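J.: Quick one, protein25.cif (mmCIF, C-alpha atoms):
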```cif
data_upload
loop_
_atom_site.label_atom_id
_atom_site.label_comp_id
_atom_site.auth_asym_id
_atom_site.auth_seq_id
_atom_site.Cartn_x
_atom_site.Cartn_y
_atom_site.Cartn_z
CA HIS A 1 -35.59 -15.28 -60.23
CA ILE A 2 -36.75 -14.14 -56.80
CA LYS A 3 -35.67 -16.56 -54.09
CA THR A 4 -36.55 -14.70 -50.89
CA ILE A 5 -38.76 -11.80 -49.86
CA VAL A 6 -38.33 -10.31 -46.39
CA TYR A 7 -40.80 -7.85 -44.90
CA GLY A 8 -40.24 -5.90 -41.68
CA THR A 9 -37.75 -3.52 -40.09
CA ILE A 10 -34.43 -3.30 -41.91
CA ALA A 11 -31.24 -1.45 -40.98
CA HIS A 12 -28.56 -0.92 -43.61
CA ALA A 13 -25.84 1.49 -44.68
CA PRO A 14 -26.62 2.71 -48.20
CA ARG A 15 -23.44 4.79 -48.20
CA PHE A 16 -20.33 5.19 -46.06
CA GLY A 17 -21.02 6.82 -42.71
CA HIS A 18 -24.80 6.70 -43.04
CA VAL A 19 -27.03 4.15 -41.30
CA GLU A 20 -30.67 3.98 -42.29
CA VAL A 21 -33.49 2.17 -40.46
CA LEU A 22 -36.53 1.35 -42.59
CA GLU A 23 -39.80 0.19 -41.07
CA ASP A 24 -42.34 -1.73 -43.14
CA ALA A 25 -39.64 -2.46 -45.69
CA VAL A 26 -39.44 -5.11 -48.37
CA VAL A 27 -36.21 -6.79 -49.43
CA MET A 28 -36.13 -8.95 -52.54
CA VAL A 29 -33.23 -11.39 -53.02
CA GLU A 30 -32.56 -13.49 -56.10
CA LYS A 31 -31.20 -17.04 -56.20
CA THR A 32 -27.58 -15.90 -56.48
CA GLY A 33 -27.88 -13.89 -53.27
CA LYS A 34 -28.02 -10.53 -55.02
CA VAL A 35 -30.36 -8.01 -53.38
CA LEU A 36 -32.74 -6.85 -56.09
CA LEU A 37 -34.69 -4.27 -54.13
CA VAL A 38 -34.89 -2.51 -50.77
CA ALA A 39 -37.91 -0.27 -50.38
CA THR A 40 -40.74 0.61 -48.00
CA GLN A 41 -44.36 -0.30 -48.35
CA ASP A 42 -47.05 -0.42 -45.66
CA VAL A 43 -48.89 -3.71 -46.19
CA GLU A 44 -51.02 -5.94 -44.04
CA GLU A 45 -51.29 -9.28 -45.80
CA GLU A 46 -48.80 -11.50 -47.60
CA ARG A 47 -50.86 -11.19 -50.78
CA ASP A 48 -50.39 -7.40 -50.64
CA ILE A 49 -46.62 -7.83 -50.40
CA LEU A 50 -46.58 -10.17 -53.38
CA THR A 51 -48.81 -7.90 -55.45
CA TRP A 52 -46.60 -4.92 -54.64
CA VAL A 53 -43.45 -6.85 -55.55
CA GLN A 54 -45.07 -7.88 -58.82
CA ARG A 55 -45.18 -4.23 -59.90
CA PHE A 56 -41.45 -3.85 -59.33
CA SER A 57 -40.42 -7.16 -60.85
CA ALA A 58 -42.53 -7.22 -64.00
CA GLY A 59 -40.35 -8.23 -66.91
CA THR A 60 -37.25 -8.88 -64.80
CA CYS A 61 -38.04 -12.16 -63.05
CA THR A 62 -40.58 -14.97 -62.84
CA PRO A 63 -44.16 -14.08 -61.85
CA VAL A 64 -44.66 -13.64 -58.15
CA ILE A 65 -46.64 -16.45 -56.51
CA GLN A 66 -50.11 -15.21 -55.61
CA THR A 67 -51.79 -18.17 -53.89
CA GLU A 68 -50.87 -21.30 -51.96
CA SER A 69 -51.88 -23.43 -54.96
CA ASP A 70 -49.60 -21.38 -57.21
CA ARG A 71 -46.83 -21.77 -54.64
CA ALA A 72 -47.28 -25.55 -54.72
CA ASN A 73 -47.27 -25.60 -58.51
CA THR A 74 -43.90 -23.85 -58.64
CA GLY A 75 -42.33 -26.23 -56.15
CA GLY A 76 -42.34 -23.66 -53.36
CA HIS A 77 -39.03 -22.14 -54.46
CA MET A 78 -39.70 -18.66 -53.07
CA ASP A 79 -39.46 -17.96 -49.35
CA MET A 80 -41.60 -15.30 -47.67
CA ILE A 81 -40.26 -14.08 -44.32
CA ARG A 82 -42.21 -11.61 -42.19
CA LEU A 83 -40.12 -10.27 -39.31
CA ALA A 84 -41.77 -10.19 -35.91
CA ARG A 85 -42.10 -7.03 -33.85
CA GLY A 86 -38.69 -6.26 -32.36
CA GLN A 87 -36.77 -8.15 -35.04
CA VAL A 88 -34.44 -6.23 -37.35
CA LEU A 89 -32.77 -7.48 -40.51
CA LEU A 90 -29.11 -6.39 -40.77
CA PRO A 91 -26.49 -6.81 -43.49
CA GLY A 92 -23.94 -9.53 -42.82
CA PHE A 93 -20.68 -8.62 -41.11
CA ILE A 94 -17.36 -8.74 -42.99
CA ASP A 95 -14.31 -9.93 -41.06
CA THR A 96 -11.08 -9.17 -42.91
CA HIS A 97 -8.57 -11.02 -40.69
CA ILE A 98 -9.19 -14.50 -39.24
CA HIS A 99 -6.50 -17.09 -38.54
CA ALA A 100 -8.81 -20.07 -38.98
CA ALA A 101 -6.22 -22.60 -37.81
CA GLN A 102 -5.99 -20.86 -34.43
CA TYR A 103 -9.67 -21.25 -33.64
CA SER A 104 -9.06 -24.43 -31.67
CA TYR A 105 -7.56 -22.43 -28.79
CA SER A 106 -9.30 -19.08 -29.22
CA GLY A 107 -9.81 -17.16 -26.00
CA THR A 108 -6.91 -18.94 -24.28
CA ALA A 109 -3.11 -19.03 -24.43
CA THR A 110 -2.58 -15.35 -23.63
CA ASP A 111 0.25 -15.84 -21.15
CA ARG A 112 3.33 -15.46 -23.40
CA PRO A 113 4.92 -12.77 -25.60
CA LEU A 114 4.54 -13.12 -29.35
CA MET A 115 7.41 -15.38 -30.41
CA GLU A 116 7.04 -17.65 -27.38
CA TRP A 117 3.32 -17.75 -28.03
CA LEU A 118 3.87 -18.73 -31.65
CA ASN A 119 6.29 -21.51 -30.78
CA HIS A 120 4.39 -22.83 -27.77
CA TYR A 121 0.80 -22.64 -29.03
CA THR A 122 0.36 -21.53 -32.63
CA PHE A 123 2.84 -23.58 -34.60
CA PRO A 124 1.94 -26.88 -32.88
CA ALA A 125 -1.77 -26.21 -33.43
CA GLU A 126 -1.26 -25.31 -37.07
CA ARG A 127 1.10 -28.24 -37.65
CA ARG A 128 -1.65 -30.65 -36.54
CA LEU A 129 -3.84 -29.47 -39.39
CA ALA A 130 -1.71 -31.47 -41.79
CA ASP A 131 -4.11 -34.21 -40.66
CA GLU A 132 -7.09 -33.55 -42.92
CA ARG A 133 -9.57 -34.98 -40.39
CA ILE A 134 -8.43 -32.47 -37.78
CA ALA A 135 -8.47 -29.69 -40.37
CA ALA A 136 -12.05 -30.51 -41.32
CA ARG A 137 -13.14 -30.46 -37.67
CA VAL A 138 -11.43 -27.16 -36.82
CA TYR A 139 -12.42 -25.41 -40.02
CA SER A 140 -16.04 -26.54 -39.76
CA ALA A 141 -16.17 -25.13 -36.24
CA VAL A 142 -14.77 -21.72 -37.17
CA VAL A 143 -17.02 -21.26 -40.19
CA GLU A 144 -20.11 -22.31 -38.23
CA ARG A 145 -19.19 -20.04 -35.33
CA THR A 146 -18.59 -16.97 -37.48
CA LEU A 147 -21.83 -17.55 -39.38
CA ARG A 148 -23.74 -17.79 -36.10
CA GLY A 149 -22.28 -14.41 -35.19
CA GLY A 150 -23.52 -12.85 -38.42
CA THR A 151 -20.25 -12.92 -40.40
CA THR A 152 -21.31 -13.65 -43.96
CA THR A 153 -17.97 -12.73 -45.54
CA ALA A 154 -14.56 -13.63 -44.11
CA LEU A 155 -10.90 -13.40 -45.04
CA TYR A 156 -9.21 -16.52 -43.66
CA TYR A 157 -5.60 -17.45 -43.20
CA ALA A 158 -5.12 -21.22 -43.27
CA THR A 159 -1.76 -23.04 -42.85
CA ILE A 160 1.10 -24.04 -45.12
CA HIS A 161 -0.77 -27.25 -46.02
CA VAL A 162 -2.40 -27.10 -49.45
CA PRO A 163 -4.91 -29.97 -48.95
CA ALA A 164 -6.10 -28.53 -45.62
CA THR A 165 -6.46 -25.06 -47.15
CA LYS A 166 -8.66 -26.51 -49.88
CA ILE A 167 -10.77 -28.18 -47.18
CA LEU A 168 -11.38 -24.77 -45.61
CA ALA A 169 -12.51 -23.43 -49.00
CA ASP A 170 -14.85 -26.39 -49.51
CA ILE A 171 -16.38 -25.95 -46.04
CA ALA A 172 -17.00 -22.23 -46.50
CA MET A 173 -18.64 -22.86 -49.86
CA HIS A 174 -20.76 -25.73 -48.52
CA LYS A 175 -21.98 -23.72 -45.52
CA GLY A 176 -22.77 -20.66 -47.62
CA GLN A 177 -20.15 -18.20 -46.38
CA ARG A 178 -18.43 -15.92 -48.87
CA ALA A 179 -14.72 -16.26 -48.13
CA PHE A 180 -11.29 -15.22 -49.32
CA ILE A 181 -8.86 -17.93 -48.24
CA GLY A 182 -5.09 -17.77 -48.28
CA LYS A 183 -2.58 -20.55 -47.85
CA VAL A 184 0.15 -19.41 -45.46
CA CYS A 185 3.63 -19.10 -46.98
CA MET A 186 6.37 -19.38 -44.36
CA ASP A 187 10.09 -19.99 -44.81
CA ARG A 188 11.54 -18.38 -41.67
CA ASN A 189 10.97 -17.79 -37.97
CA SER A 190 9.18 -21.13 -37.66
CA PRO A 191 10.14 -24.70 -36.67
CA SER A 192 11.97 -26.78 -39.25
CA ASP A 193 9.05 -29.21 -39.40
CA TYR A 194 6.58 -26.39 -40.01
CA SER A 195 8.27 -24.42 -42.76
CA GLU A 196 8.68 -24.51 -46.51
CA THR A 197 11.04 -23.31 -49.17
CA THR A 198 10.19 -20.45 -51.50
CA ALA A 199 9.81 -22.95 -54.34
CA GLU A 200 7.36 -25.03 -52.29
CA ALA A 201 5.39 -21.92 -51.39
CA LEU A 202 5.14 -20.88 -55.03
CA ALA A 203 4.11 -24.37 -56.11
CA GLY A 204 1.39 -24.46 -53.48
CA THR A 205 -0.10 -21.11 -54.37
#
```
Since I need it in another form, could you write the structure as structure tokens?
T.:
Amino acid sequence: HIKTIVYGTIAHAPRFGHVEVLEDAVVMVEKTGKVLLVATQDVEEERDILTWVQRFSAGTCTPVIQTESDRANTGGHMDMIRLARGQVLLPGFIDTHIHAAQYSYSGTATDRPLMEWLNHYTFPAERRLADERIAARVYSAVVERTLRGGTTTALYYATIHVPATKILADIAMHKGQRAFIGKVCMDRNSPSDYSETTAEALAGT
């Protein structure tokens, strides 16, 4: 089922090391988020886009909506987006290393060497996320901020707290960000009140 059709200038990387810019391009996306088609076609009207897409989608998805009345009859489940002049559609960014719990003080606390920094800033900040209300606030902020920056896929490190880590997963899912989320396992080089045994780490993962 087609969910979204985008028409305009598109930049993507079809293979490693190669960037391609397509003008007058059509992108078809199904409900699951899978890109069904990226191709070029010089069209003037929305009807022309839909007719063209119909040729490519025949037999593989629901009929393309042709008129406003048809759109209303189907519940308006397909979005048509025409990019304005100067707009470019890009693939989402993938960030493979984000300490989500440290977002609350990002851009600050750069005045100490690593171990002092961990003990003075990081561990206290992460320890506070045992409070699920604080965890929800911090994790909502980091997911929203990364999405605003175009990061559609992220690999997050959480904390040693299982409930808070699950909150991060729920937030990413709710806000529509693909995410790989890991509970931190830590049994050394950390404060006694922010540490766990190997057995606890295994049980929590």
J.: Take the PyMOL selection byres ((chain A and resi 114-119) around 12), run it mentally on this structure, and tell me the resulting residues as a ChimeraX atom specification.
T.: /A:102,105,108-113,120-127,189-194
J.: Which polymer residues have any atom within 12 Å of an atom of Met186 of chain A, counting all atoms listed in the file, with same-chain residues fewer than 5 positions away left out, as a PyMOL selection string?
T.: chain A and resi 123+158-161+191-202+204
J.: What gap, in Å, lies between atom CA of Arg178 of chain A and atom CA of Thr152 of chain A?
T.: 6.1 Å
J.: Decode the PyMOL selection byres ((chain A and resi 21-38) around 8) for the given file into explicit residues and return them as a PyMOL selection string.
T.: chain A and resi 1-12+19-20+39-43+49
J.: For those residues, write C-alpha atoms to a file as an mmCIF file, in the frame of the given file.
T.:
```cif
data_model
loop_
_atom_site.group_PDB
_atom_site.id
_atom_site.type_symbol
_atom_site.label_atom_id
_atom_site.label_comp_id
_atom_site.auth_asym_id
_atom_site.auth_seq_id
_atom_site.Cartn_x
_atom_site.Cartn_y
_atom_site.Cartn_z
ATOM 1 C CA HIS A 1 -35.590 -15.280 -60.230
ATOM 2 C CA ILE A 2 -36.750 -14.140 -56.800
ATOM 3 C CA LYS A 3 -35.670 -16.560 -54.090
ATOM 4 C CA THR A 4 -36.550 -14.700 -50.890
ATOM 5 C CA ILE A 5 -38.760 -11.800 -49.860
ATOM 6 C CA VAL A 6 -38.330 -10.310 -46.390
ATOM 7 C CA TYR A 7 -40.800 -7.850 -44.900
ATOM 8 C CA GLY A 8 -40.240 -5.900 -41.680
ATOM 9 C CA THR A 9 -37.750 -3.520 -40.090
ATOM 10 C CA ILE A 10 -34.430 -3.300 -41.910
ATOM 11 C CA ALA A 11 -31.240 -1.450 -40.980
ATOM 12 C CA HIS A 12 -28.560 -0.920 -43.610
ATOM 13 C CA VAL A 19 -27.030 4.150 -41.300
ATOM 14 C CA GLU A 20 -30.670 3.980 -42.290
ATOM 15 C CA ALA A 39 -37.910 -0.270 -50.380
ATOM 16 C CA THR A 40 -40.740 0.610 -48.000
ATOM 17 C CA GLN A 41 -44.360 -0.300 -48.350
ATOM 18 C CA ASP A 42 -47.050 -0.420 -45.660
ATOM 19 C CA VAL A 43 -48.890 -3.710 -46.190
ATOM 20 C CA ILE A 49 -46.620 -7.830 -50.400
#
```
J.: Output the residue selection produced by the PyMOL selection byres ((chain A and resi 179) around 12) on the file above, formatted as a PyMOL selection string.
T.: chain A and resi 93-98+100+143+146-147+151-158+168-178+180-182
J.: In Å, how far is it from atom CA of Thr205 of chain A to atom CA of Gly150 of chain A?
T.: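 Separating atom CA of Thr205 of chain A from atom CA of Gly150 of chain A is a distance of 29.5 Å.
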J.: Please report the interatomic distance between atom CA of Ala136 of chain A and atom CA of Lys166 of chain A in Å with one decimal.
T.: 10.0 Å
J.: Do a neighbour search on Ser104 of chain A at 9 Å with only C-alpha atoms, toss out local chain neighbours closer than 6 positions, and write the hits as a ChimeraX atom specification.
T.: /A:125,138,141-142
J.: Taking only C-alpha atoms into account, name the residue in A:Val184, A:Ile167, A:Met80, A:His99 that is nearest to Ser140 of chain A.
T.: A:Ile167
J.: Some atoms are missing, so please complete segment 2-13 of chain A with all heavy atoms and return it as a PDB file, in the coordinates of the input.
T.:
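So the final result, stored in selection-v7.pdb, reads:
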```
ATOM      1  N   ILE A   2     -36.693 -14.497 -58.215  1.00  0.00           N
ATOM      2  CA  ILE A   2     -36.750 -14.140 -56.800  1.00  0.00           C
ATOM      3  C   ILE A   2     -36.687 -15.411 -55.967  1.00  0.00           C
ATOM      4  O   ILE A   2     -37.433 -16.358 -56.203  1.00  0.00           O
ATOM      5  CB  ILE A   2     -38.055 -13.385 -56.477  1.00  0.00           C
ATOM      6  CG1 ILE A   2     -38.127 -12.080 -57.265  1.00  0.00           C
ATOM      7  CG2 ILE A   2     -38.152 -13.100 -54.987  1.00  0.00           C
ATOM      8  CD1 ILE A   2     -39.437 -11.353 -57.101  1.00  0.00           C
ATOM      9  N   LYS A   3     -35.798 -15.427 -54.993  1.00  0.00           N
ATOM     10  CA  LYS A   3     -35.670 -16.560 -54.090  1.00  0.00           C
ATOM     11  C   LYS A   3     -36.295 -16.254 -52.734  1.00  0.00           C
ATOM     12  O   LYS A   3     -36.964 -17.093 -52.137  1.00  0.00           O
ATOM     13  CB  LYS A   3     -34.186 -16.909 -53.912  1.00  0.00           C
ATOM     14  CG  LYS A   3     -33.903 -17.949 -52.826  1.00  0.00           C
ATOM     15  CD  LYS A   3     -34.580 -19.267 -53.109  1.00  0.00           C
ATOM     16  CE  LYS A   3     -34.237 -20.285 -52.020  1.00  0.00           C
ATOM     17  NZ  LYS A   3     -35.022 -21.525 -52.163  1.00  0.00           N
ATOM     18  N   THR A   4     -36.087 -15.043 -52.232  1.00  0.00           N
ATOM     19  CA  THR A   4     -36.550 -14.700 -50.890  1.00  0.00           C
ATOM     20  C   THR A   4     -37.108 -13.287 -50.858  1.00  0.00           C
ATOM     21  O   THR A   4     -36.551 -12.380 -51.481  1.00  0.00           O
ATOM     22  CB  THR A   4     -35.392 -14.801 -49.871  1.00  0.00           C
ATOM     23  OG1 THR A   4     -34.809 -16.103 -49.949  1.00  0.00           O
ATOM     24  CG2 THR A   4     -35.891 -14.567 -48.448  1.00  0.00           C
ATOM     25  N   ILE A   5     -38.212 -13.121 -50.144  1.00  0.00           N
ATOM     26  CA  ILE A   5     -38.760 -11.800 -49.860  1.00  0.00           C
ATOM     27  C   ILE A   5     -38.861 -11.658 -48.353  1.00  0.00           C
ATOM     28  O   ILE A   5     -39.418 -12.521 -47.676  1.00  0.00           O
ATOM     29  CB  ILE A   5     -40.153 -11.605 -50.489  1.00  0.00           C
ATOM     30  CG1 ILE A   5     -40.066 -11.720 -52.017  1.00  0.00           C
ATOM     31  CG2 ILE A   5     -40.739 -10.253 -50.095  1.00  0.00           C
ATOM     32  CD1 ILE A   5     -41.415 -11.654 -52.699  1.00  0.00           C
ATOM     33  N   VAL A   6     -38.273 -10.583 -47.824  1.00  0.00           N
ATOM     34  CA  VAL A   6     -38.330 -10.310 -46.390  1.00  0.00           C
ATOM     35  C   VAL A   6     -39.097  -9.015 -46.179  1.00  0.00           C
ATOM     36  O   VAL A   6     -38.856  -8.020 -46.866  1.00  0.00           O
ATOM     37  CB  VAL A   6     -36.915 -10.181 -45.783  1.00  0.00           C
ATOM     38  CG1 VAL A   6     -37.005  -9.940 -44.276  1.00  0.00           C
ATOM     39  CG2 VAL A   6     -36.092 -11.436 -46.067  1.00  0.00           C
ATOM     40  N   TYR A   7     -40.026  -9.041 -45.204  1.00  0.00           N
ATOM     41  CA  TYR A   7     -40.800  -7.850 -44.900  1.00  0.00           C
ATOM     42  C   TYR A   7     -40.674  -7.535 -43.410  1.00  0.00           C
ATOM     43  O   TYR A   7     -40.815  -8.423 -42.564  1.00  0.00           O
ATOM     44  CB  TYR A   7     -42.279  -8.062 -45.252  1.00  0.00           C
ATOM     45  CG  TYR A   7     -43.164  -6.909 -44.832  1.00  0.00           C
ATOM     46  CD1 TYR A   7     -43.142  -5.706 -45.524  1.00  0.00           C
ATOM     47  CD2 TYR A   7     -44.002  -7.029 -43.728  1.00  0.00           C
ATOM     48  CE1 TYR A   7     -43.939  -4.643 -45.137  1.00  0.00           C
ATOM     49  CE2 TYR A   7     -44.806  -5.967 -43.333  1.00  0.00           C
ATOM     50  CZ  TYR A   7     -44.770  -4.776 -44.037  1.00  0.00           C
ATOM     51  OH  TYR A   7     -45.552  -3.734 -43.646  1.00  0.00           O
ATOM     52  N   GLY A   8     -40.361  -6.297 -43.079  1.00  0.00           N
ATOM     53  CA  GLY A   8     -40.240  -5.900 -41.680  1.00  0.00           C
ATOM     54  C   GLY A   8     -39.309  -4.715 -41.531  1.00  0.00           C
ATOM     55  O   GLY A   8     -39.133  -3.923 -42.458  1.00  0.00           O
ATOM     56  N   THR A   9     -38.687  -4.611 -40.366  1.00  0.00           N
ATOM     57  CA  THR A   9     -37.750  -3.520 -40.090  1.00  0.00           C
ATOM     58  C   THR A   9     -36.357  -3.907 -40.555  1.00  0.00           C
ATOM     59  O   THR A   9     -35.857  -4.980 -40.220  1.00  0.00           O
ATOM     60  CB  THR A   9     -37.735  -3.180 -38.593  1.00  0.00           C
ATOM     61  OG1 THR A   9     -39.057  -2.810 -38.187  1.00  0.00           O
ATOM     62  CG2 THR A   9     -36.779  -2.031 -38.310  1.00  0.00           C
ATOM     63  N   ILE A  10     -35.739  -3.016 -41.308  1.00  0.00           N
ATOM     64  CA  ILE A  10     -34.430  -3.300 -41.910  1.00  0.00           C
ATOM     65  C   ILE A  10     -33.490  -2.142 -41.607  1.00  0.00           C
ATOM     66  O   ILE A  10     -33.866  -0.969 -41.735  1.00  0.00           O
ATOM     67  CB  ILE A  10     -34.578  -3.472 -43.441  1.00  0.00           C
ATOM     68  CG1 ILE A  10     -35.455  -4.697 -43.743  1.00  0.00           C
ATOM     69  CG2 ILE A  10     -33.213  -3.614 -44.106  1.00  0.00           C
ATOM     70  CD1 ILE A  10     -36.042  -4.680 -45.115  1.00  0.00           C
ATOM     71  N   ALA A  11     -32.282  -2.461 -41.182  1.00  0.00           N
ATOM     72  CA  ALA A  11     -31.240  -1.450 -40.980  1.00  0.00           C
ATOM     73  C   ALA A  11     -30.108  -1.735 -41.950  1.00  0.00           C
ATOM     74  O   ALA A  11     -29.651  -2.875 -42.054  1.00  0.00           O
ATOM     75  CB  ALA A  11     -30.745  -1.476 -39.539  1.00  0.00           C
ATOM     76  N   HIS A  12     -29.678  -0.724 -42.669  1.00  0.00           N
ATOM     77  CA  HIS A  12     -28.560  -0.920 -43.610  1.00  0.00           C
ATOM     78  C   HIS A  12     -27.793   0.384 -43.748  1.00  0.00           C
ATOM     79  O   HIS A  12     -28.171   1.424 -43.192  1.00  0.00           O
ATOM     80  CB  HIS A  12     -29.066  -1.439 -44.957  1.00  0.00           C
ATOM     81  CG  HIS A  12     -29.851  -0.437 -45.746  1.00  0.00           C
ATOM     82  ND1 HIS A  12     -29.840  -0.395 -47.118  1.00  0.00           N
ATOM     83  CD2 HIS A  12     -30.684   0.564 -45.353  1.00  0.00           C
ATOM     84  CE1 HIS A  12     -30.623   0.580 -47.546  1.00  0.00           C
ATOM     85  NE2 HIS A  12     -31.141   1.186 -46.502  1.00  0.00           N
ATOM     86  N   ALA A  13     -26.686   0.314 -44.468  1.00  0.00           N
ATOM     87  CA  ALA A  13     -25.840   1.490 -44.680  1.00  0.00           C
ATOM     88  C   ALA A  13     -25.732   1.720 -46.183  1.00  0.00           C
ATOM     89  O   ALA A  13     -24.854   1.152 -46.840  1.00  0.00           O
ATOM     90  CB  ALA A  13     -24.462   1.281 -44.066  1.00  0.00           C
TER      91      ALA A  13
END
```
